[in-house]
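Heads up, model_2.json below (JSON, C-alpha atoms and all ligand atoms):
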```json
[["chain", "number", "residue", "atom", "x", "y", "z"],
["A", 20, "MET", "CA", -4.01, 25.34, 5.71],
["A", 21, "LYS", "CA", -4.72, 28.43, 3.61],
["A", 22, "LYS", "CA", -5.12, 28.78, -0.19],
["A", 23, "GLY", "CA", -1.66, 28.65, -1.64],
["A", 24, "TRP", "CA", 0.66, 25.66, -1.51],
["A", 25, "PHE", "CA", 0.67, 22.45, 0.50],
["A", 26, "SER", "CA", 4.15, 21.11, 1.31],
["A", 27, "GLU", "CA", 4.79, 17.64, 2.67],
["A", 28, "PHE", "CA", 7.46, 17.67, 5.37],
["A", 29, "GLY", "CA", 8.32, 14.34, 7.01],
["A", 30, "GLN", "CA", 10.75, 12.78, 9.49],
["A", 31, "LEU", "CA", 11.31, 10.03, 6.91],
["A", 32, "TRP", "CA", 12.40, 12.37, 4.09],
["A", 33, "PRO", "CA", 14.64, 14.91, 5.81],
["A", 34, "GLY", "CA", 15.88, 17.88, 3.79],
["A", 35, "GLN", "CA", 13.36, 17.47, 0.98],
["A", 36, "THR", "CA", 9.69, 18.11, 0.33],
["A", 37, "PHE", "CA", 7.00, 17.80, -2.33],
["A", 38, "SER", "CA", 4.47, 20.60, -2.79],
["A", 39, "LEU", "CA", 1.10, 20.94, -4.53],
["A", 40, "GLU", "CA", -0.72, 24.16, -5.31],
["A", 41, "CYS", "CA", -3.97, 24.21, -3.33],
["A", 42, "GLU", "CA", -7.21, 25.62, -4.79],
["A", 43, "GLU", "CA", -9.57, 24.89, -1.86],
["A", 44, "VAL", "CA", -9.46, 23.16, 1.52],
["A", 45, "LEU", "CA", -12.31, 20.61, 1.47],
["A", 46, "PHE", "CA", -12.00, 19.12, 4.97],
["A", 47, "GLN", "CA", -9.82, 19.43, 8.05],
["A", 48, "GLY", "CA", -10.35, 17.28, 11.11],
["A", 49, "LYS", "CA", -8.67, 15.39, 13.92],
["A", 50, "SER", "CA", -9.61, 11.78, 14.56],
["A", 51, "PRO", "CA", -8.54, 9.84, 17.67],
["A", 52, "TYR", "CA", -5.55, 8.69, 15.57],
["A", 53, "GLN", "CA", -4.39, 11.47, 13.25],
["A", 54, "GLU", "CA", -4.98, 14.83, 11.56],
["A", 55, "VAL", "CA", -7.11, 14.39, 8.43],
["A", 56, "LEU", "CA", -7.01, 16.89, 5.55],
["A", 57, "ALA", "CA", -8.56, 16.90, 2.09],
["A", 58, "PHE", "CA", -7.99, 19.65, -0.45],
["A", 59, "ARG", "CA", -8.58, 20.34, -4.14],
["A", 60, "SER", "CA", -5.26, 20.87, -5.85],
["A", 61, "LYS", "CA", -4.64, 22.85, -9.03],
["A", 62, "THR", "CA", -3.17, 19.95, -11.03],
["A", 63, "TYR", "CA", -3.62, 16.66, -9.08],
["A", 64, "GLY", "CA", -7.34, 16.71, -8.36],
["A", 65, "ASN", "CA", -8.45, 16.04, -4.79],
["A", 66, "VAL", "CA", -5.80, 15.08, -2.28],
["A", 67, "LEU", "CA", -6.01, 13.11, 0.99],
["A", 68, "VAL", "CA", -3.43, 13.95, 3.67],
["A", 69, "LEU", "CA", -2.91, 12.24, 7.04],
["A", 70, "ASP", "CA", -0.69, 13.86, 9.68],
["A", 71, "GLY", "CA", 0.77, 16.06, 6.96],
["A", 72, "VAL", "CA", 1.64, 13.15, 4.64],
["A", 73, "ILE", "CA", 0.06, 12.74, 1.19],
["A", 74, "GLN", "CA", -1.87, 9.46, 1.03],
["A", 75, "ALA", "CA", -3.53, 9.74, -2.36],
["A", 76, "THR", "CA", -4.34, 12.14, -5.17],
["A", 77, "ASP", "CA", -6.99, 11.70, -7.86],
["A", 78, "ARG", "CA", -4.33, 12.05, -10.55],
["A", 79, "ASP", "CA", -1.84, 9.33, -9.62],
["A", 80, "GLU", "CA", -3.31, 7.02, -6.94],
["A", 81, "PHE", "CA", -3.94, 4.31, -9.55],
["A", 82, "ALA", "CA", -0.17, 3.75, -9.93],
["A", 83, "TYR", "CA", 0.03, 2.69, -6.27],
["A", 84, "GLN", "CA", -3.28, 0.86, -5.88],
["A", 85, "GLU", "CA", -3.00, -1.15, -9.12],
["A", 86, "MET", "CA", 0.61, -2.27, -8.60],
["A", 87, "PHE", "CA", 0.00, -3.03, -4.92],
["A", 88, "ALA", "CA", -3.04, -5.22, -5.58],
["A", 89, "HIS", "CA", -2.06, -6.89, -8.87],
["A", 90, "LEU", "CA", 1.57, -7.68, -8.00],
["A", 91, "ALA", "CA", 0.12, -9.61, -5.05],
["A", 92, "LEU", "CA", -2.98, -11.19, -6.59],
["A", 93, "CYS", "CA", -1.38, -12.12, -9.92],
["A", 94, "SER", "CA", 1.44, -13.81, -7.99],
["A", 95, "HIS", "CA", -0.99, -16.24, -6.35],
["A", 96, "PRO", "CA", -2.40, -19.12, -8.47],
["A", 97, "ASP", "CA", -5.94, -18.94, -7.09],
["A", 98, "PRO", "CA", -6.56, -16.22, -4.44],
["A", 99, "LYS", "CA", -10.00, -16.65, -2.82],
["A", 100, "LYS", "CA", -9.69, -15.00, 0.60],
["A", 101, "VAL", "CA", -7.94, -11.63, 0.82],
["A", 102, "LEU", "CA", -7.24, -9.44, 3.86],
["A", 103, "VAL", "CA", -6.35, -5.74, 3.68],
["A", 104, "ILE", "CA", -4.83, -4.05, 6.72],
["A", 105, "GLY", "CA", -5.18, -0.27, 6.46],
["A", 106, "GLY", "CA", -6.26, 1.05, 3.08],
["A", 107, "GLY", "CA", -9.30, 2.87, 4.47],
["A", 108, "ASP", "CA", -9.49, 5.14, 1.42],
["A", 109, "GLY", "CA", -10.85, 2.14, -0.50],
["A", 110, "GLY", "CA", -8.54, 2.31, -3.52],
["A", 111, "ILE", "CA", -6.95, -1.10, -2.92],
["A", 112, "LEU", "CA", -10.43, -2.66, -2.56],
["A", 113, "ARG", "CA", -11.37, -1.31, -5.99],
["A", 114, "GLU", "CA", -8.38, -3.09, -7.49],
["A", 115, "ILE", "CA", -8.83, -6.40, -5.64],
["A", 116, "ALA", "CA", -12.46, -6.48, -6.81],
["A", 117, "LYS", "CA", -11.22, -6.74, -10.42],
["A", 118, "HIS", "CA", -10.22, -10.37, -9.68],
["A", 119, "GLN", "CA", -13.34, -12.51, -10.13],
["A", 120, "CYS", "CA", -11.70, -15.55, -8.48],
["A", 121, "VAL", "CA", -11.62, -13.66, -5.15],
["A", 122, "GLU", "CA", -14.57, -14.71, -2.96],
["A", 123, "GLU", "CA", -14.00, -12.75, 0.27],
["A", 124, "ILE", "CA", -12.32, -9.38, 0.86],
["A", 125, "THR", "CA", -11.87, -8.35, 4.49],
["A", 126, "ILE", "CA", -10.50, -4.90, 5.35],
["A", 127, "CYS", "CA", -9.34, -3.90, 8.81],
["A", 128, "GLU", "CA", -9.14, -0.11, 9.17],
["A", 129, "ILE", "CA", -8.71, 1.75, 12.45],
["A", 130, "ASP", "CA", -9.90, 5.25, 11.51],
["A", 131, "GLN", "CA", -13.52, 5.91, 10.48],
["A", 132, "MET", "CA", -12.65, 9.50, 9.61],
["A", 133, "VAL", "CA", -10.37, 8.27, 6.79],
["A", 134, "ILE", "CA", -13.21, 6.20, 5.30],
["A", 135, "ASP", "CA", -15.73, 9.04, 5.60],
["A", 136, "THR", "CA", -13.34, 11.61, 4.08],
["A", 137, "ALA", "CA", -12.47, 9.32, 1.15],
["A", 138, "LYS", "CA", -16.15, 8.58, 0.48],
["A", 139, "LYS", "CA", -16.91, 12.31, 0.36],
["A", 140, "PHE", "CA", -13.88, 13.69, -1.48],
["A", 141, "LEU", "CA", -12.19, 10.78, -3.31],
["A", 142, "PRO", "CA", -15.19, 8.68, -4.38],
["A", 143, "GLU", "CA", -13.32, 7.02, -7.25],
["A", 144, "MET", "CA", -11.25, 5.25, -4.58],
["A", 145, "ALA", "CA", -13.92, 4.81, -1.91],
["A", 146, "LYS", "CA", -16.20, 3.03, -4.37],
["A", 147, "GLY", "CA", -14.05, -0.01, -3.55],
["A", 148, "PHE", "CA", -16.20, -0.46, -0.43],
["A", 149, "ASP", "CA", -19.28, -1.03, -2.62],
["A", 150, "ASP", "CA", -18.23, -4.50, -3.79],
["A", 151, "PRO", "CA", -20.50, -7.13, -2.14],
["A", 152, "ARG", "CA", -17.50, -9.30, -1.28],
["A", 153, "VAL", "CA", -16.09, -6.62, 1.03],
["A", 154, "THR", "CA", -16.42, -6.90, 4.81],
["A", 155, "LEU", "CA", -15.18, -3.96, 6.91],
["A", 156, "PHE", "CA", -13.76, -4.53, 10.39],
["A", 157, "MET", "CA", -13.08, -1.33, 12.34],
["A", 158, "GLY", "CA", -10.06, -1.82, 14.61],
["A", 159, "ASP", "CA", -6.34, -2.31, 15.01],
["A", 160, "GLY", "CA", -4.79, -4.43, 12.28],
["A", 161, "CYS", "CA", -2.22, -6.07, 14.57],
["A", 162, "ALA", "CA", -4.86, -7.19, 17.08],
["A", 163, "TYR", "CA", -7.12, -8.47, 14.29],
["A", 164, "LEU", "CA", -4.29, -10.44, 12.70],
["A", 165, "GLU", "CA", -3.23, -12.14, 15.95],
["A", 166, "GLN", "CA", -6.59, -13.94, 16.06],
["A", 167, "LYS", "CA", -6.29, -15.27, 12.50],
["A", 168, "LYS", "CA", -4.51, -18.54, 11.69],
["A", 169, "ASN", "CA", -4.33, -20.30, 8.31],
["A", 170, "GLU", "CA", -7.08, -18.03, 7.00],
["A", 171, "TYR", "CA", -6.00, -15.95, 3.96],
["A", 172, "ASP", "CA", -4.43, -16.55, 0.55],
["A", 173, "VAL", "CA", -3.20, -12.95, 0.23],
["A", 174, "ILE", "CA", -2.70, -10.24, 2.85],
["A", 175, "ILE", "CA", -2.07, -6.65, 1.77],
["A", 176, "VAL", "CA", -0.71, -4.20, 4.35],
["A", 177, "ASP", "CA", -1.54, -0.75, 3.03],
["A", 178, "SER", "CA", 0.10, 1.14, 5.85],
["A", 179, "SER", "CA", 1.30, 4.66, 6.39],
["A", 180, "ASP", "CA", 4.97, 5.29, 7.11],
["A", 181, "PRO", "CA", 6.89, 3.94, 10.15],
["A", 182, "VAL", "CA", 7.24, 7.32, 11.84],
["A", 183, "ASP", "CA", 8.82, 7.10, 15.35],
["A", 184, "GLY", "CA", 5.97, 6.57, 17.78],
["A", 185, "GLY", "CA", 3.42, 6.60, 14.96],
["A", 186, "PRO", "CA", 0.58, 4.08, 14.45],
["A", 187, "ALA", "CA", 2.41, 2.19, 11.68],
["A", 188, "GLU", "CA", 5.71, 1.64, 13.52],
["A", 189, "THR", "CA", 4.79, -1.87, 14.74],
["A", 190, "LEU", "CA", 3.84, -2.88, 11.19],
["A", 191, "TYR", "CA", 7.52, -2.75, 10.18],
["A", 192, "ALA", "CA", 8.81, -5.12, 12.86],
["A", 193, "ALA", "CA", 9.45, -8.90, 12.93],
["A", 194, "PRO", "CA", 6.60, -9.87, 15.34],
["A", 195, "PHE", "CA", 4.04, -8.46, 12.92],
["A", 196, "TYR", "CA", 5.51, -10.45, 10.03],
["A", 197, "ARG", "CA", 5.30, -13.62, 12.14],
["A", 198, "HIS", "CA", 1.59, -12.92, 12.63],
["A", 199, "LEU", "CA", 1.22, -12.28, 8.91],
["A", 200, "LYS", "CA", 2.73, -15.66, 8.09],
["A", 201, "GLU", "CA", 0.58, -17.47, 10.66],
["A", 202, "ALA", "CA", -2.56, -15.93, 9.14],
["A", 203, "LEU", "CA", -1.77, -17.28, 5.66],
["A", 204, "ARG", "CA", -3.12, -20.49, 4.14],
["A", 205, "PRO", "CA", -0.50, -22.81, 2.57],
["A", 206, "GLY", "CA", 1.03, -21.15, -0.48],
["A", 207, "GLY", "CA", -0.19, -17.74, 0.69],
["A", 208, "LEU", "CA", 1.70, -14.45, 0.32],
["A", 209, "VAL", "CA", 1.81, -10.99, 1.81],
["A", 210, "CYS", "CA", 2.44, -7.68, 0.09],
["A", 211, "THR", "CA", 3.36, -4.70, 2.26],
["A", 212, "GLN", "CA", 4.07, -1.03, 1.68],
["A", 213, "ALA", "CA", 7.88, -0.97, 1.70],
["A", 214, "GLU", "CA", 8.95, 2.65, 1.26],
["A", 215, "CYS", "CA", 11.40, 4.17, -1.18],
["A", 216, "GLN", "CA", 14.71, 2.84, -2.56],
["A", 217, "TRP", "CA", 16.18, 6.35, -2.76],
["A", 218, "ILE", "CA", 15.76, 7.26, 0.92],
["A", 219, "HIS", "CA", 14.83, 4.11, 2.90],
["A", 220, "LEU", "CA", 17.40, 1.42, 2.03],
["A", 221, "ASN", "CA", 17.92, 0.64, 5.72],
["A", 222, "ILE", "CA", 14.19, 0.08, 6.33],
["A", 223, "ILE", "CA", 13.89, -2.13, 3.24],
["A", 224, "ALA", "CA", 17.03, -4.15, 4.09],
["A", 225, "GLU", "CA", 15.75, -4.82, 7.61],
["A", 226, "LEU", "CA", 12.32, -5.91, 6.37],
["A", 227, "ILE", "CA", 13.99, -8.35, 3.97],
["A", 228, "ARG", "CA", 16.45, -9.59, 6.60],
["A", 229, "PHE", "CA", 13.84, -10.78, 9.11],
["A", 230, "SER", "CA", 11.27, -11.80, 6.48],
["A", 231, "ARG", "CA", 13.76, -14.23, 4.96],
["A", 232, "ASN", "CA", 13.62, -16.20, 8.22],
["A", 233, "LEU", "CA", 9.87, -16.62, 7.77],
["A", 234, "PHE", "CA", 9.07, -16.86, 4.05],
["A", 235, "SER", "CA", 10.48, -18.91, 1.17],
["A", 236, "HIS", "CA", 10.63, -15.93, -1.23],
["A", 237, "VAL", "CA", 11.12, -12.30, -0.18],
["A", 238, "GLU", "CA", 11.29, -9.80, -3.06],
["A", 239, "TYR", "CA", 11.11, -6.04, -3.51],
["A", 240, "ALA", "CA", 9.27, -4.32, -6.37],
["A", 241, "TYR", "CA", 8.35, -0.68, -6.96],
["A", 242, "THR", "CA", 6.03, 1.67, -8.79],
["A", 243, "THR", "CA", 6.42, 5.25, -9.93],
["A", 244, "ILE", "CA", 4.06, 7.80, -8.42],
["A", 245, "PRO", "CA", 4.82, 11.54, -8.60],
["A", 246, "SER", "CA", 3.03, 12.55, -5.39],
["A", 247, "TYR", "CA", 5.02, 10.24, -3.09],
["A", 248, "PRO", "CA", 8.52, 11.13, -1.85],
["A", 249, "CYS", "CA", 11.12, 10.77, -4.66],
["A", 250, "GLY", "CA", 8.29, 9.90, -7.06],
["A", 251, "GLN", "CA", 8.19, 6.21, -6.29],
["A", 252, "ILE", "CA", 7.39, 3.65, -3.64],
["A", 253, "GLY", "CA", 8.08, -0.04, -3.17],
["A", 254, "PHE", "CA", 6.37, -3.20, -2.06],
["A", 255, "LEU", "CA", 7.72, -6.18, -0.20],
["A", 256, "LEU", "CA", 6.30, -9.47, -1.49],
["A", 257, "ALA", "CA", 6.87, -12.35, 0.91],
["A", 258, "SER", "CA", 5.57, -15.73, -0.21],
["A", 259, "THR", "CA", 5.23, -19.14, 1.43],
["A", 260, "GLY", "CA", 4.92, -20.55, -2.08],
["A", 261, "ASP", "CA", 6.80, -19.56, -5.24],
["A", 262, "SER", "CA", 8.55, -16.37, -6.29],
["A", 263, "CYS", "CA", 6.37, -13.36, -7.09],
["A", 264, "LYS", "CA", 8.70, -12.09, -9.82],
["A", 265, "THR", "CA", 6.62, -13.55, -12.64],
["A", 266, "PRO", "CA", 2.82, -13.57, -12.58],
["A", 267, "LYS", "CA", 0.94, -16.87, -12.10],
["A", 268, "ARG", "CA", -2.26, -15.30, -13.42],
["A", 269, "THR", "CA", -3.06, -12.47, -15.78],
["A", 270, "ILE", "CA", -5.68, -9.72, -15.48],
["A", 271, "ASP", "CA", -7.54, -8.03, -18.34],
["A", 272, "GLU", "CA", -5.17, -5.14, -19.01],
["A", 273, "SER", "CA", -8.01, -2.97, -20.34],
["A", 274, "LEU", "CA", -9.17, -2.72, -16.71],
["A", 275, "ASN", "CA", -5.93, -1.00, -15.68],
["A", 276, "LYS", "CA", -4.13, 2.28, -16.32],
["A", 277, "TYR", "CA", -0.75, 1.18, -14.95],
["A", 278, "TYR", "CA", -0.35, -2.56, -14.25],
["A", 279, "ASN", "CA", 0.39, -4.99, -17.06],
["A", 280, "GLU", "CA", 2.32, -8.27, -17.27],
["A", 281, "GLU", "CA", 5.52, -6.65, -18.55],
["A", 282, "ILE", "CA", 5.58, -4.07, -15.79],
["A", 283, "HIS", "CA", 4.95, -6.84, -13.24],
["A", 284, "ASN", "CA", 8.23, -8.46, -14.31],
["A", 285, "ALA", "CA", 10.08, -5.16, -14.72],
["A", 286, "SER", "CA", 9.08, -3.81, -11.29],
["A", 287, "PHE", "CA", 11.39, -6.30, -9.55],
["A", 288, "VAL", "CA", 14.41, -5.15, -11.61],
["A", 289, "LEU", "CA", 16.48, -2.88, -9.35],
["A", 290, "PRO", "CA", 19.53, -0.61, -9.70],
["A", 291, "SER", "CA", 22.73, -2.36, -8.56],
["A", 292, "PHE", "CA", 23.24, -0.11, -5.51],
["A", 293, "VAL", "CA", 19.71, -0.98, -4.33],
["A", 294, "ARG", "CA", 20.03, -4.71, -4.96],
["A", 295, "ARG", "CA", 23.32, -4.87, -3.08],
["A", 296, "ALA", "CA", 21.99, -2.83, -0.14],
["A", 297, "ILE", "CA", 18.70, -4.68, 0.40],
["A", 298, "TYR", "CA", 19.58, -8.26, -0.56],
["A", 299, "LYS", "CA", 23.18, -8.08, 0.66],
["A", 300, "ASP", "CA", 24.23, -9.99, -2.43],
["B", 1, "LIG", "N1", -4.14, 3.73, 0.06],
["B", 1, "LIG", "C1", -3.06, 4.68, 0.18],
["B", 1, "LIG", "C2", -2.34, 4.52, 1.46],
["B", 1, "LIG", "C3", -1.11, 5.37, 1.46],
["B", 1, "LIG", "N2", 0.08, 4.65, 1.67],
["B", 1, "LIG", "C4", 1.24, 5.41, 2.08],
["B", 1, "LIG", "C5", 0.95, 6.87, 2.23],
["B", 1, "LIG", "C6", 2.18, 7.63, 2.68],
["B", 1, "LIG", "C7", 3.34, 7.44, 1.72],
["B", 1, "LIG", "N3", 4.50, 8.19, 2.17],
["B", 1, "LIG", "C8", 3.62, 5.98, 1.55],
["B", 1, "LIG", "C9", 2.39, 5.22, 1.13]]
```
Show me the file's structure as structure tokens.
Ligand SMILES: NCCCN[C@H]1CC[C@H](N)CC1
Amino acid sequence: MKKGWFSEFGQLWPGQTFSLECEEVLFQGKSPYQEVLAFRSKTYGNVLVLDGVIQATDRDEFAYQEMFAHLALCSHPDPKKVLVIGGGDGGILREIAKHQCVEEITICEIDQMVIDTAKKFLPEMAKGFDDPRVTLFMGDGCAYLEQKKNEYDVIIVDSSDPVDGGPAETLYAAPFYRHLKEALRPGGLVCTQAECQWIHLNIIAELIRFSRNLFSHVEYAYTTIPSYPCGQIGFLLASTGDSCKTPKRTIDESLNKYYNEEIHNASFVLPSFVRRAIYKD
């Protein structure tokens, strides 16, 4: 990519794109799994891109990482063992580490190049790997999960998008959610990257449909984040215990730039057309 503008084209957001003015290309590489790009943008700081899709920018990544981690962890009464699938840039680890009750954080990431690129060019995220409670397992998240039964209080699936034939496609199907449930301890919950209410209602509705057969509470919440398609992205919270709509625990809000108790509650409040389409109510 040359100095100028980076535009994000994707199969999952046809007919639209988001662009950032690029000051300098910092890294371009190809791992066994995907194209990896990092560049310094004019107004969003450093940017991490995988297969042409923006993963994180210095300027707004906190909106995603904080809501992802704290919606999940504040919805569990006493999370001690946490598993992250994906999330190799480290941002989600940084957020989970804010919860002192957590004793073990395991992350399963398949692509070492993502970790190395984040450590070099987005260190504010990658510092999440420095917490002594973190154990890194390099490998496929699905395979790792299939070996785990009754093991975790919270599982966070920080995946890329379910592009046809892409690495994340299987993470949006019912078998994977069965494995997620089997890996949870009683009262456990999962929180997964669940795309955008403006352009992915069918994906979200299908996730909810099959998750309802497995979990006692299945709820959709979202955050606002300018560098993702349509400026927002959602999370599916599926619990074997209580609803996630109101927090069971609080976190010191001075630690966060985005998440707070009020926004936890508000993030589950959806426009009528979305609620009808995804919950079929
Ligand atoms: N830790 C950040 C992972 C990025 N998650 C996804 C990146 C691609 C987006 N279209 C959706 C979120």
Protein and nucleic acid residues within 7 Å of ligand LIG 1 (chain B) (only C-alpha atoms and all ligand atoms) as a ChimeraX atom specification
/A:72-75,84,106-111,177-180,212,214,247-248,252
Would you give me, as a Markdown table, each residue of stretch 156-221 of chain A having an atom within 6 Å of an atom of stretch 256-269 of chain A, along with its shortest atom pair and that distance in Å to one decimal, using only C-alpha atoms and sorting by chain and residue number?
```
| residue | atom | partner | partner_atom | distance |
| --- | --- | --- | --- | --- |
| A:Gly206 | CA | A:Gly260 | CA | 4.2 |
| A:Gly207 | CA | A:Thr259 | CA | 5.6 |
| A:Leu208 | CA | A:Ser258 | CA | 4.1 |
| A:Val209 | CA | A:Ala257 | CA | 5.3 |
| A:Cys210 | CA | A:Leu256 | CA | 4.5 |
```
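Comparing A:Ile282, A:Leu39, A:Cys93, A:Val66 by their smallest distance to A:Phe140, the closest is A:Val66 (using all atoms listed in the file).
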Of the listed residues A:His219, A:Leu112, A:Lys167, A:Asp159, that which approaches A:Trp32 most closely, counting only C-alpha atoms
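Selected residue with least distance to A:Trp32: A:His219.
Take the candidates A:Asn275, A:Asn169, A:Ser235, A:Thr243 and check each one against A:Arg113 using only C-alpha atoms; the shortest distance goes to A:Asn275.
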All heavy atoms are needed for stretch 255-263 of chain A; please write them out as a PDB file, in the coordinates of the input.
```pdb
ATOM      1  N   LEU A 255       7.042  -4.953  -0.542  1.00  0.00           N
ATOM      2  CA  LEU A 255       7.720  -6.180  -0.200  1.00  0.00           C
ATOM      3  C   LEU A 255       6.744  -7.337  -0.422  1.00  0.00           C
ATOM      4  O   LEU A 255       5.618  -7.302   0.090  1.00  0.00           O
ATOM      5  CB  LEU A 255       8.155  -6.176   1.275  1.00  0.00           C
ATOM      6  CG  LEU A 255       9.100  -7.329   1.633  1.00  0.00           C
ATOM      7  CD1 LEU A 255      10.514  -7.033   1.133  1.00  0.00           C
ATOM      8  CD2 LEU A 255       9.125  -7.576   3.133  1.00  0.00           C
ATOM      9  N   LEU A 256       7.137  -8.277  -1.255  1.00  0.00           N
ATOM     10  CA  LEU A 256       6.300  -9.470  -1.490  1.00  0.00           C
ATOM     11  C   LEU A 256       6.982 -10.653  -0.834  1.00  0.00           C
ATOM     12  O   LEU A 256       8.124 -10.998  -1.196  1.00  0.00           O
ATOM     13  CB  LEU A 256       6.094  -9.682  -2.991  1.00  0.00           C
ATOM     14  CG  LEU A 256       5.123  -8.657  -3.596  1.00  0.00           C
ATOM     15  CD1 LEU A 256       5.877  -7.611  -4.405  1.00  0.00           C
ATOM     16  CD2 LEU A 256       4.048  -9.310  -4.427  1.00  0.00           C
ATOM     17  N   ALA A 257       6.314 -11.220   0.157  1.00  0.00           N
ATOM     18  CA  ALA A 257       6.870 -12.350   0.910  1.00  0.00           C
ATOM     19  C   ALA A 257       5.920 -13.528   0.742  1.00  0.00           C
ATOM     20  O   ALA A 257       4.747 -13.451   1.111  1.00  0.00           O
ATOM     21  CB  ALA A 257       7.024 -11.987   2.386  1.00  0.00           C
ATOM     22  N   SER A 258       6.438 -14.619   0.166  1.00  0.00           N
ATOM     23  CA  SER A 258       5.570 -15.730  -0.210  1.00  0.00           C
ATOM     24  C   SER A 258       5.976 -17.022   0.512  1.00  0.00           C
ATOM     25  O   SER A 258       7.168 -17.294   0.692  1.00  0.00           O
ATOM     26  CB  SER A 258       5.664 -15.964  -1.728  1.00  0.00           C
ATOM     27  OG  SER A 258       4.985 -17.155  -2.080  1.00  0.00           O
ATOM     28  N   THR A 259       4.952 -17.794   0.900  1.00  0.00           N
ATOM     29  CA  THR A 259       5.230 -19.140   1.430  1.00  0.00           C
ATOM     30  C   THR A 259       5.229 -20.158   0.289  1.00  0.00           C
ATOM     31  O   THR A 259       5.477 -21.338   0.513  1.00  0.00           O
ATOM     32  CB  THR A 259       4.153 -19.559   2.463  1.00  0.00           C
ATOM     33  OG1 THR A 259       2.895 -19.641   1.777  1.00  0.00           O
ATOM     34  CG2 THR A 259       4.053 -18.546   3.584  1.00  0.00           C
ATOM     35  N   GLY A 260       4.936 -19.655  -0.907  1.00  0.00           N
ATOM     36  CA  GLY A 260       4.920 -20.550  -2.080  1.00  0.00           C
ATOM     37  C   GLY A 260       6.070 -20.189  -3.000  1.00  0.00           C
ATOM     38  O   GLY A 260       7.223 -20.124  -2.575  1.00  0.00           O
ATOM     39  N   ASP A 261       5.758 -19.843  -4.251  1.00  0.00           N
ATOM     40  CA  ASP A 261       6.800 -19.560  -5.240  1.00  0.00           C
ATOM     41  C   ASP A 261       7.166 -18.078  -5.257  1.00  0.00           C
ATOM     42  O   ASP A 261       6.527 -17.255  -4.587  1.00  0.00           O
ATOM     43  CB  ASP A 261       6.306 -19.969  -6.652  1.00  0.00           C
ATOM     44  CG  ASP A 261       6.018 -21.469  -6.735  1.00  0.00           C
ATOM     45  OD1 ASP A 261       6.690 -22.228  -5.984  1.00  0.00           O
ATOM     46  OD2 ASP A 261       5.119 -21.861  -7.483  1.00  0.00           O
ATOM     47  N   SER A 262       8.147 -17.762  -6.081  1.00  0.00           N
ATOM     48  CA  SER A 262       8.550 -16.370  -6.290  1.00  0.00           C
ATOM     49  C   SER A 262       7.402 -15.560  -6.873  1.00  0.00           C
ATOM     50  O   SER A 262       6.554 -16.088  -7.599  1.00  0.00           O
ATOM     51  CB  SER A 262       9.749 -16.342  -7.257  1.00  0.00           C
ATOM     52  OG  SER A 262       9.956 -15.017  -7.712  1.00  0.00           O
ATOM     53  N   CYS A 263       7.394 -14.270  -6.560  1.00  0.00           N
ATOM     54  CA  CYS A 263       6.370 -13.360  -7.090  1.00  0.00           C
ATOM     55  C   CYS A 263       6.863 -12.607  -8.318  1.00  0.00           C
ATOM     56  O   CYS A 263       6.135 -11.776  -8.875  1.00  0.00           O
ATOM     57  CB  CYS A 263       5.960 -12.366  -6.015  1.00  0.00           C
ATOM     58  SG  CYS A 263       5.204 -13.130  -4.569  1.00  0.00           S
TER      59      CYS A 263
END
```
